Each structure stands twice: as structure tokens, then as C-alpha cells.
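Quick notes on the structure that follows.
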Amino acid sequence: MITSREDYEFYLEADKIALNNIENIPFLEKDLYPLKYFQDVYKFQRLLRKLEYYLNCKKSIFYKPLRVYLRWSFARLSQRLGFVIHPNVFGPGLSIAYPGSIIVNIDARVGENCRIHNNVHIATSTYFESSVPHIGDNVFIGPGAVIVGDIRIADNIAIGANSFVNKSFLEEGITIAGAPARKISDKGFDSCYRRSTEILRARIQNQTASSKL
């Protein structure tokens with residue numbers, strides 16, 4: 001969770017690395033609208049982090065008009081992209097692969113370096129249940145995955161496309177898939193995606209060491 005300006009800047013940079021510096025794509029013509037949507041995803045994630053920062057760190061009534069405006073802008077962009085994603089759910093290094101339906105319960109928690117595709121649903125298992133999934137660091141969530149209930153997903157797990165996950169998987173570094181999901185491989189997140197927060201922390205450490213020389 002973002003609790004300081006330093007956290008905010010870290011989240012922004014980690015997300016940027018995870019999205020492969022998508023802001024550097026040049027201006028796109030209307031006939032290239034699919035690429036324009038990738039830029040919109042980047043804008044969405046930046047707006048998400050800004051909203052989190054002002055909700056968590058700027059609680060003074062002085063900032064209330066800005067918080068209201070940020071909520072409105074965030075809701076508007078969310079609707080256009082098909083996302084139901086709430087603040088303070090995803091850790092740094094988030095990478096939303098593509099616009100499209102993504103629904104995440106407000107009480108769900110997802111760790112660092114999540115790579116999430118479209119048509120994903122993370123929620124309670126029934127309308128009357130309040131318990132939601134808690135997902136660890138470095139998790140890849142494939143298109144169409146449904147993750148529901150009071151379950152835990154360990155670190156470094158890859159969840160295959162169209163999987164239905166309704167039980168906990170506590171073994172790290174595996175791939176799960178199927179409906180219902182089961183372990184199918186001993187290869188997990190490392191085979192799918194890079195860990196942007198580790199890249200960023202190493203970069204910061206090197207810069208700090210260089211400045212001391």
C-alpha cells in the first residue's frame with residue numbers, strides 16, 4: 001500500500017517497468033487504435049496510483065476537491081476500459097495486459113508484480129460470502145481465469161487461461177490450470193514474466209552505491 005511520496009514514486013516506476021515503458025510509444029493515429037488502448041492502460045495505472053496516494057496520504061479536507069476529481073476521472077476511464085479495480089488492491093509492478101473485462105473485489109489483495117489478462121474475475125464464491133482471495137507476489141493470471149473464495153495463492157505461481165480456482169495453492173513456483181484448477185507444472189511465474197520490483201530495487205541500490213563513491 002502507498003503510504004508516502006517515496007512509495008508513490010516507487011509504484012509508478014515499478015508499473016512502468018512492468019508495462020515495458022509504454023509511455024514512450026509515439027503519437028498513434030486513429031487507424032492504430034489497438035495500440036492507443038495500450039497507452040490508455042498505462043494512463044489507467046498511473047491514475048490508480050495517484051488516487052491511492054491521495055486517498056492514503058492526503059486526507060486533509062484541503063485535498064477533498066482533488067480526491068473527488070480523481071475518483072471521477074478514475075471511474076470514467078475504468079468504465080471505458082472495462083475494469084472494476086479498486087484502489088489499494090494491487091502491489092507495485094502491476095501489468096494489465098490488455099483492456100477488457102477485469103473484475104476484482106474491493107477486499108481482495110494481490111502482491112507485487114502481478115501480470116493480469118482480460119476477462120479475469122477475482123471475487124467471493126457466493127453473493128452471501130465475504131471472504132475473498134489473497135494472491136501472493138509474482139503471480140501471472142491468464143485470460144479468462146476465475147479466482148474465488150477464501151483462498152490463498154502462493155508466490156511465483158502462474159494461473160493458466162480459463163482456469164477456475166476455488167481452493168488454495170500454497171506451493172510456490174508452480175503452474176496451475178483447469179476447471180477446477182490443479183497443478184500442471186513445476187514451472188511458475190519465472191517462465192512467464194519478469195519481476196519489475198526486483199529490477200527497480202537493484203537499480204536504486206546501484207544508484208545509492210554509486211552516489212557514495
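In the C-alpha cells, chains take letters A, B, ... by order of appearance, with residues numbered from 1 within each chain and ligands from 1 in the order shown.
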
Requested in this report: Run DSSP on the backbone and grab whatever in segment 32-153 of chain A lands in strand (DSSP E); send it over as a PyMOL selection string.
Outcome: chain A and resi 83-84+95-96+102-104+109-110+115-116+120-123+134-135+140-141+146-148+152-153

Written selection (C-alpha atoms) as a CSV table (one decimal), in the first residue's frame:
```csv
chain,number,residue,atom,x,y,z
A,83,PHE,CA,-12.1,-2.5,-15.5
A,84,VAL,CA,-13.6,-2.9,-12.0
A,95,SER,CA,0.9,-5.1,-15.6
A,96,ILE,CA,-2.5,-5.2,-17.1
A,102,ILE,CA,-11.4,-7.4,-15.3
A,103,ILE,CA,-13.4,-7.6,-12.0
A,104,VAL,CA,-11.6,-7.6,-8.7
A,109,ARG,CA,-5.3,-8.4,-2.1
A,110,VAL,CA,-2.7,-9.1,-4.8
A,115,ARG,CA,0.6,-9.8,-14.7
A,116,ILE,CA,-3.2,-9.9,-15.3
A,120,VAL,CA,-10.5,-12.2,-15.2
A,121,HIS,CA,-12.7,-12.4,-12.1
A,122,ILE,CA,-11.3,-12.3,-8.6
A,123,ALA,CA,-14.2,-12.3,-6.1
A,134,HIS,CA,-5.4,-13.3,-1.3
A,135,ILE,CA,-2.8,-13.6,-4.0
A,140,PHE,CA,0.7,-14.5,-13.6
A,141,ILE,CA,-3.1,-14.6,-14.2
A,146,VAL,CA,-11.8,-17.0,-12.3
A,147,ILE,CA,-10.4,-16.9,-8.7
A,148,VAL,CA,-13.0,-17.1,-6.0
A,152,ARG,CA,-4.5,-18.2,-0.8
A,153,ILE,CA,-2.3,-18.3,-3.8
```

Spatial neighbours of Ala158 of chain A, 9 Å, only C-alpha atoms, chain gap at least 2 places, as a short mmCIF file (atom, residue, chain, number, x, y, z; two decimals) with N, CA and C atoms, in the first residue's frame:
```cif
data_model
loop_
_atom_site.label_atom_id
_atom_site.label_comp_id
_atom_site.auth_asym_id
_atom_site.auth_seq_id
_atom_site.Cartn_x
_atom_site.Cartn_y
_atom_site.Cartn_z
N ASN A 138 4.43 -11.94 -7.54
CA ASN A 138 4.93 -12.56 -8.78
C ASN A 138 3.97 -13.62 -9.32
N VAL A 139 2.73 -13.23 -9.49
CA VAL A 139 1.72 -14.17 -9.98
C VAL A 139 1.24 -13.74 -11.36
N PHE A 140 1.19 -14.69 -12.26
CA PHE A 140 0.70 -14.49 -13.62
C PHE A 140 -0.72 -15.03 -13.69
N ILE A 141 -1.67 -14.19 -14.15
CA ILE A 141 -3.08 -14.60 -14.23
C ILE A 141 -3.50 -14.55 -15.69
N GLY A 142 -3.73 -15.70 -16.28
CA GLY A 142 -4.04 -15.80 -17.69
C GLY A 142 -5.46 -15.36 -18.03
N ASN A 156 4.95 -16.60 -6.93
CA ASN A 156 5.59 -17.18 -8.12
C ASN A 156 4.75 -18.24 -8.82
N GLY A 160 -3.20 -20.56 -15.43
CA GLY A 160 -3.47 -20.71 -16.85
C GLY A 160 -4.78 -20.09 -17.30
N GLY A 173 6.02 -21.31 -6.99
CA GLY A 173 6.74 -21.59 -8.22
C GLY A 173 6.15 -22.68 -9.09
N ILE A 174 4.83 -22.78 -9.14
CA ILE A 174 4.19 -23.81 -9.96
C ILE A 174 3.21 -23.15 -10.94
N THR A 175 2.74 -23.94 -11.88
CA THR A 175 1.67 -23.51 -12.77
C THR A 175 0.42 -24.32 -12.46
N ILE A 176 -0.71 -23.61 -12.38
CA ILE A 176 -1.98 -24.29 -12.15
C ILE A 176 -2.92 -23.95 -13.32
N ALA A 177 -3.81 -24.87 -13.62
CA ALA A 177 -4.75 -24.65 -14.72
C ALA A 177 -5.88 -25.66 -14.61
N LYS A 187 6.99 -25.34 -13.19
CA LYS A 187 7.44 -24.03 -13.64
C LYS A 187 6.33 -23.02 -13.38
N GLY A 188 6.70 -21.91 -12.77
CA GLY A 188 5.70 -20.92 -12.43
C GLY A 188 5.94 -19.58 -13.07
N PHE A 189 5.92 -18.55 -12.26
CA PHE A 189 5.99 -17.17 -12.73
C PHE A 189 7.27 -16.88 -13.51
N ASP A 190 8.38 -17.46 -13.10
CA ASP A 190 9.66 -17.14 -13.75
C ASP A 190 9.65 -17.45 -15.24
N SER A 191 8.83 -18.39 -15.64
CA SER A 191 8.77 -18.74 -17.05
C SER A 191 7.83 -17.83 -17.83
N CYS A 192 7.12 -16.93 -17.12
CA CYS A 192 6.11 -16.10 -17.77
C CYS A 192 6.48 -14.62 -17.85
#
```

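Minimum atom-to-atom distances from A:Lys43, A:Arg67, A:Arg80, A:Arg195 to Gly111 of chain A were compared using only C-alpha atoms, and the lowest value belongs to A:Arg195.
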
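Of note, atom CA of Arg49 of chain A and atom CA of Ile151 of chain A are spaced 26.0 Å apart.
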
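Atom pair atom CA of Gly178 of chain A / atom CA of Asn113 of chain A: separated by 22.9 Å.
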
Mind checking which residues fall within 9 Å of Ser73 of chain A, counting only C-alpha atoms, ignoring those fewer than 5 positions away in the same chain, and posting them as a list in words? Leu47, Val68 and Ser78 of chain A

Serialized selection, N, CA and C atoms, as a tab-separated table (two decimals), in the first residue's frame:
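part-v1.tsv, written as the output of this step:
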```tsv
chain	number	residue	atom	x	y	z
A	47	LEU	N	-3.18	6.67	-13.02
A	47	LEU	CA	-4.28	7.30	-12.30
A	47	LEU	C	-4.64	6.51	-11.05
A	68	VAL	N	-12.04	14.03	-5.07
A	68	VAL	CA	-13.31	13.83	-5.78
A	68	VAL	C	-13.07	13.80	-7.29
A	78	SER	N	-12.11	3.75	-16.03
A	78	SER	CA	-12.38	2.35	-15.71
A	78	SER	C	-13.52	1.82	-16.56
```

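As for atom CA of Arg5 of chain A and atom CA of Ile85 of chain A, they are spaced 22.0 Å apart.
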
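Nearest residue to Arg203 of chain A among A:Asp40, A:Glu6, A:Glu129, A:Glu13 is A:Glu13, counting only C-alpha atoms.
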